[in-house]
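What follows is one structure encoded as structure tokens, with my remarks underneath.
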Amino acid sequence: MKKQIFTLWVTVLTVTVIAFSCSQQNKTENKEENPSVSFVWRGDTLGSSYYPYSAMLLPLKDDAAGTTNYFQFQTVLSNRLMYEDFVKTTDLKVKDNSVIFSGTVGNVALDSLNLTLTGRRIVPDDSIIGCVGLNVFENQCLLMDFSNQSIVVDKDIPVNETATPVKYEIYLEKKLLIPVEMDGKQYKFLLNPESPLYVIFNESPAKCETRKLSIGNKTFTPPEYQYIDDATQGFDGVLGYAFLKDKKVWIDLENNLLSVWACSDTVK
């Protein structure tokens with residue numbers, strides 16, 4: 001009898017250990033699962049020049065309809081917009097010139113987004129159904145990989161330990177101004193991936209050619225740039241696609257922190 005009880009106890013303990021081990025393995029696998037989603041670019045003509053990286057499109061999955069739609073993602077946009085011509089093809093109810101829309105980006109649910117209707121398309125592409133900004137991801141972390149055209153949205157994305165975060169400022173509601181150092185002086189640059197250019201305002205063009213730029217503890221050699229003499233912007237430059245194309249950008253929207261590093265950097 002004692003032997004049977006002992007055998008039963010050992011069996012229960014073994015099953016418990018196996019179940020716990022499987023549970024921990026599943027948690028680890030889920031934790032390590034890459035929740036990144038791919039974004040795509042659309043081009044547009046500005047003036048007489050065509051820029052292939054003018055509109056950054058994020059896939060937003062509509063779980064109810066079982067479809068995936070593309071929103072233009074603008075880091076400088078404070079409004080949430082949906083195009084009227086798309087709404088006319090759906091059963092969405094319009095109230096006070098707005099609609100309620102829900103979906104997911106990666107593993108993050110965006111529930112009951114209040115989107116204002118607009119008839120003006122920023123980029124003439126029927127596959128784009130609206131525009132959203134950073135404010136749809138409030139209190140989340142973002143990791144944008146511009147080299148591989150992917151974005152991760154999650155509550156907790158560890159920062160690259162080799163890239164010291166900086167505290168950014170909010171300009172005109174939701175625009176991010178990043179503290180930048182050049183030649184020992186502090187400047188404020190606007191983060192705008194959809195701007196095709198790396199722009200410096202009100203500096204000598206000859207001086208800009210050899211100027212290095214630091215964000216946190218990372219120093220970058222400026223790529224092709226555009227010099228603009230304009231003192232009305234409220235900031236000193238724009239970090240556009242020309243600068244970001246081979247970078248990763250980590251943003252903590254809850255604590256207003258940001259870091260930038262080259263995609264080729266080793267991440268710890």
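A note on labels: chains of the structure tokens are A, B, ... as shown, every chain counts residues from 1, and ligands are counted from 1 in their shown order.
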
Checklist entry - Any idea what's packed within 9 Å of segment 40-53 of chain A, counting only C-alpha atoms, ignoring anything in its chain fewer than 4 positions away? Could you give it as a list in words? => result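 These residues fall inside the cut-off: Leu57, Leu58, Pro59, Val123, Pro124, Asp125, Gln149, Ser150, Pro193, Glu194, Ser195, Pro196 and Tyr241 of chain A.
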
Checklist entry - Skipping near chain neighbours, those fewer than 6 positions away, what residues fall within 12 Å of Ser78 of chain A using only C-alpha atoms, listed as a list in words? => result Leu115, Thr116, Cys131, Val132, Gly133, Leu134, Asn135, Val136, Phe137, Glu138, Ile170, Tyr171, Leu172, Glu173, Lys174, Lys175 and Leu176 of chain A

Checklist outcome for this item: Atom pair atom CA of Lys212 of chain A + atom CA of Val180 of chain A, distance 10.2 Å

Next on the checklist: DSSP on the backbone, strand (DSSP E) only: what residues of segment 111-189 of chain A does that give? Format it as a PyMOL selection string.
Outcome noted: chain A and resi 111-118+128-132+141-145+150-154+166-167+169-171+175-182+185-189

Can I get the selected residues back with C-alpha atoms, as an mmCIF file, in the first residue's frame?
data_model
loop_
_atom_site.group_PDB
_atom_site.id
_atom_site.type_symbol
_atom_site.label_atom_id
_atom_site.label_comp_id
_atom_site.auth_asym_id
_atom_site.auth_seq_id
_atom_site.Cartn_x
_atom_site.Cartn_y
_atom_site.Cartn_z
ATOM 1 C CA ASP A 111 -10.310 49.882 -30.046
ATOM 2 C CA SER A 112 -12.972 52.422 -30.942
ATOM 3 C CA LEU A 113 -10.802 54.917 -32.805
ATOM 4 C CA ASN A 114 -12.743 58.117 -33.410
ATOM 5 C CA LEU A 115 -11.803 59.132 -36.962
ATOM 6 C CA THR A 116 -12.791 62.448 -38.515
ATOM 7 C CA LEU A 117 -14.014 62.265 -42.110
ATOM 8 C CA THR A 118 -12.128 64.121 -44.794
ATOM 9 C CA ILE A 128 -5.047 54.191 -48.254
ATOM 10 C CA ILE A 129 -8.230 54.615 -46.204
ATOM 11 C CA GLY A 130 -7.102 57.262 -43.725
ATOM 12 C CA CYS A 131 -4.301 58.857 -41.713
ATOM 13 C CA VAL A 132 -3.236 58.390 -38.106
ATOM 14 C CA CYS A 141 6.624 51.799 -27.117
ATOM 15 C CA LEU A 142 7.525 51.776 -30.796
ATOM 16 C CA LEU A 143 10.547 50.354 -32.569
ATOM 17 C CA MET A 144 10.789 51.474 -36.192
ATOM 18 C CA ASP A 145 13.330 49.702 -38.391
ATOM 19 C CA SER A 150 9.117 47.032 -40.003
ATOM 20 C CA ILE A 151 7.586 48.388 -36.831
ATOM 21 C CA VAL A 152 6.994 46.849 -33.413
ATOM 22 C CA VAL A 153 4.297 48.282 -31.138
ATOM 23 C CA ASP A 154 4.214 46.973 -27.593
ATOM 24 C CA VAL A 166 17.037 61.333 -24.874
ATOM 25 C CA LYS A 167 14.009 63.231 -23.630
ATOM 26 C CA GLU A 169 9.738 67.685 -26.479
ATOM 27 C CA ILE A 170 6.171 67.845 -27.744
ATOM 28 C CA TYR A 171 5.679 70.561 -30.355
ATOM 29 C CA LYS A 175 5.159 66.506 -33.109
ATOM 30 C CA LEU A 176 8.407 65.223 -31.602
ATOM 31 C CA LEU A 177 11.350 67.576 -31.241
ATOM 32 C CA ILE A 178 14.590 65.688 -30.651
ATOM 33 C CA PRO A 179 17.573 67.258 -28.852
ATOM 34 C CA VAL A 180 20.536 67.114 -31.219
ATOM 35 C CA GLU A 181 24.117 68.228 -30.655
ATOM 36 C CA MET A 182 26.328 69.656 -33.398
ATOM 37 C CA LYS A 185 25.794 73.252 -29.462
ATOM 38 C CA GLN A 186 22.269 72.039 -28.769
ATOM 39 C CA TYR A 187 19.569 72.057 -31.454
ATOM 40 C CA LYS A 188 16.020 70.744 -31.824
ATOM 41 C CA PHE A 189 15.134 68.623 -34.841
#

Checklist entry - Quick one: residues within 9 Å of Val108 of chain A, only C-alpha atoms counted, chain neighbours fewer than 2 positions away excluded, as a ChimeraX atom specification? => result /A:35,103-106,110,137,153-155

Export C-alpha atoms of the chosen residues as a tab-separated table (two decimals), in the first residue's frame?
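Full text of out-v8.tsv as output:
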chain	number	residue	atom	x	y	z
A	35	PRO	CA	5.28	41.07	-33.02
A	103	GLY	CA	-8.56	47.02	-35.51
A	104	THR	CA	-5.15	45.67	-34.61
A	105	VAL	CA	-1.59	46.59	-35.56
A	106	GLY	CA	0.58	43.58	-34.91
A	110	LEU	CA	-6.76	49.82	-31.32
A	137	PHE	CA	-0.35	54.38	-29.73
A	153	VAL	CA	4.30	48.28	-31.14
A	154	ASP	CA	4.21	46.97	-27.59
A	155	LYS	CA	3.84	48.17	-24.03

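The gap separating atom CA of Ala55 of chain A from atom CA of Val87 of chain A is 20.7 Å, in Å to one decimal.
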
Next on the checklist: Rounded to one decimal, what separation in Å do you get between atom CA of Gly184 of chain A and atom CA of Ser259 of chain A?
Outcome noted: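 These two atoms are separated by 19.0 Å.
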
Next on the checklist: I'd like to know which of A:Val199, A:Met56, A:Ile100, A:Leu213 is closest to Tyr225 of chain A, using only C-alpha atoms.
Outcome noted: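 Nearest candidate to Tyr225 of chain A out of A:Val199, A:Met56, A:Ile100, A:Leu213: A:Val199.
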
Name the residues of segment 62-163 of chain A that come out as alpha helix (DSSP H) in a backbone DSSP run; write them as a short mmCIF file (atom, residue, chain, number, x, y, z; two decimals) with C-alpha atoms, in the first residue's frame.
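What follows is the written file out.cif:
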data_model
loop_
_atom_site.label_atom_id
_atom_site.label_comp_id
_atom_site.auth_asym_id
_atom_site.auth_seq_id
_atom_site.Cartn_x
_atom_site.Cartn_y
_atom_site.Cartn_z
CA GLU A 84 -15.05 59.76 -47.12
CA ASP A 85 -14.90 57.71 -50.33
CA PHE A 86 -13.82 54.63 -48.34
CA VAL A 87 -16.56 55.05 -45.74
#
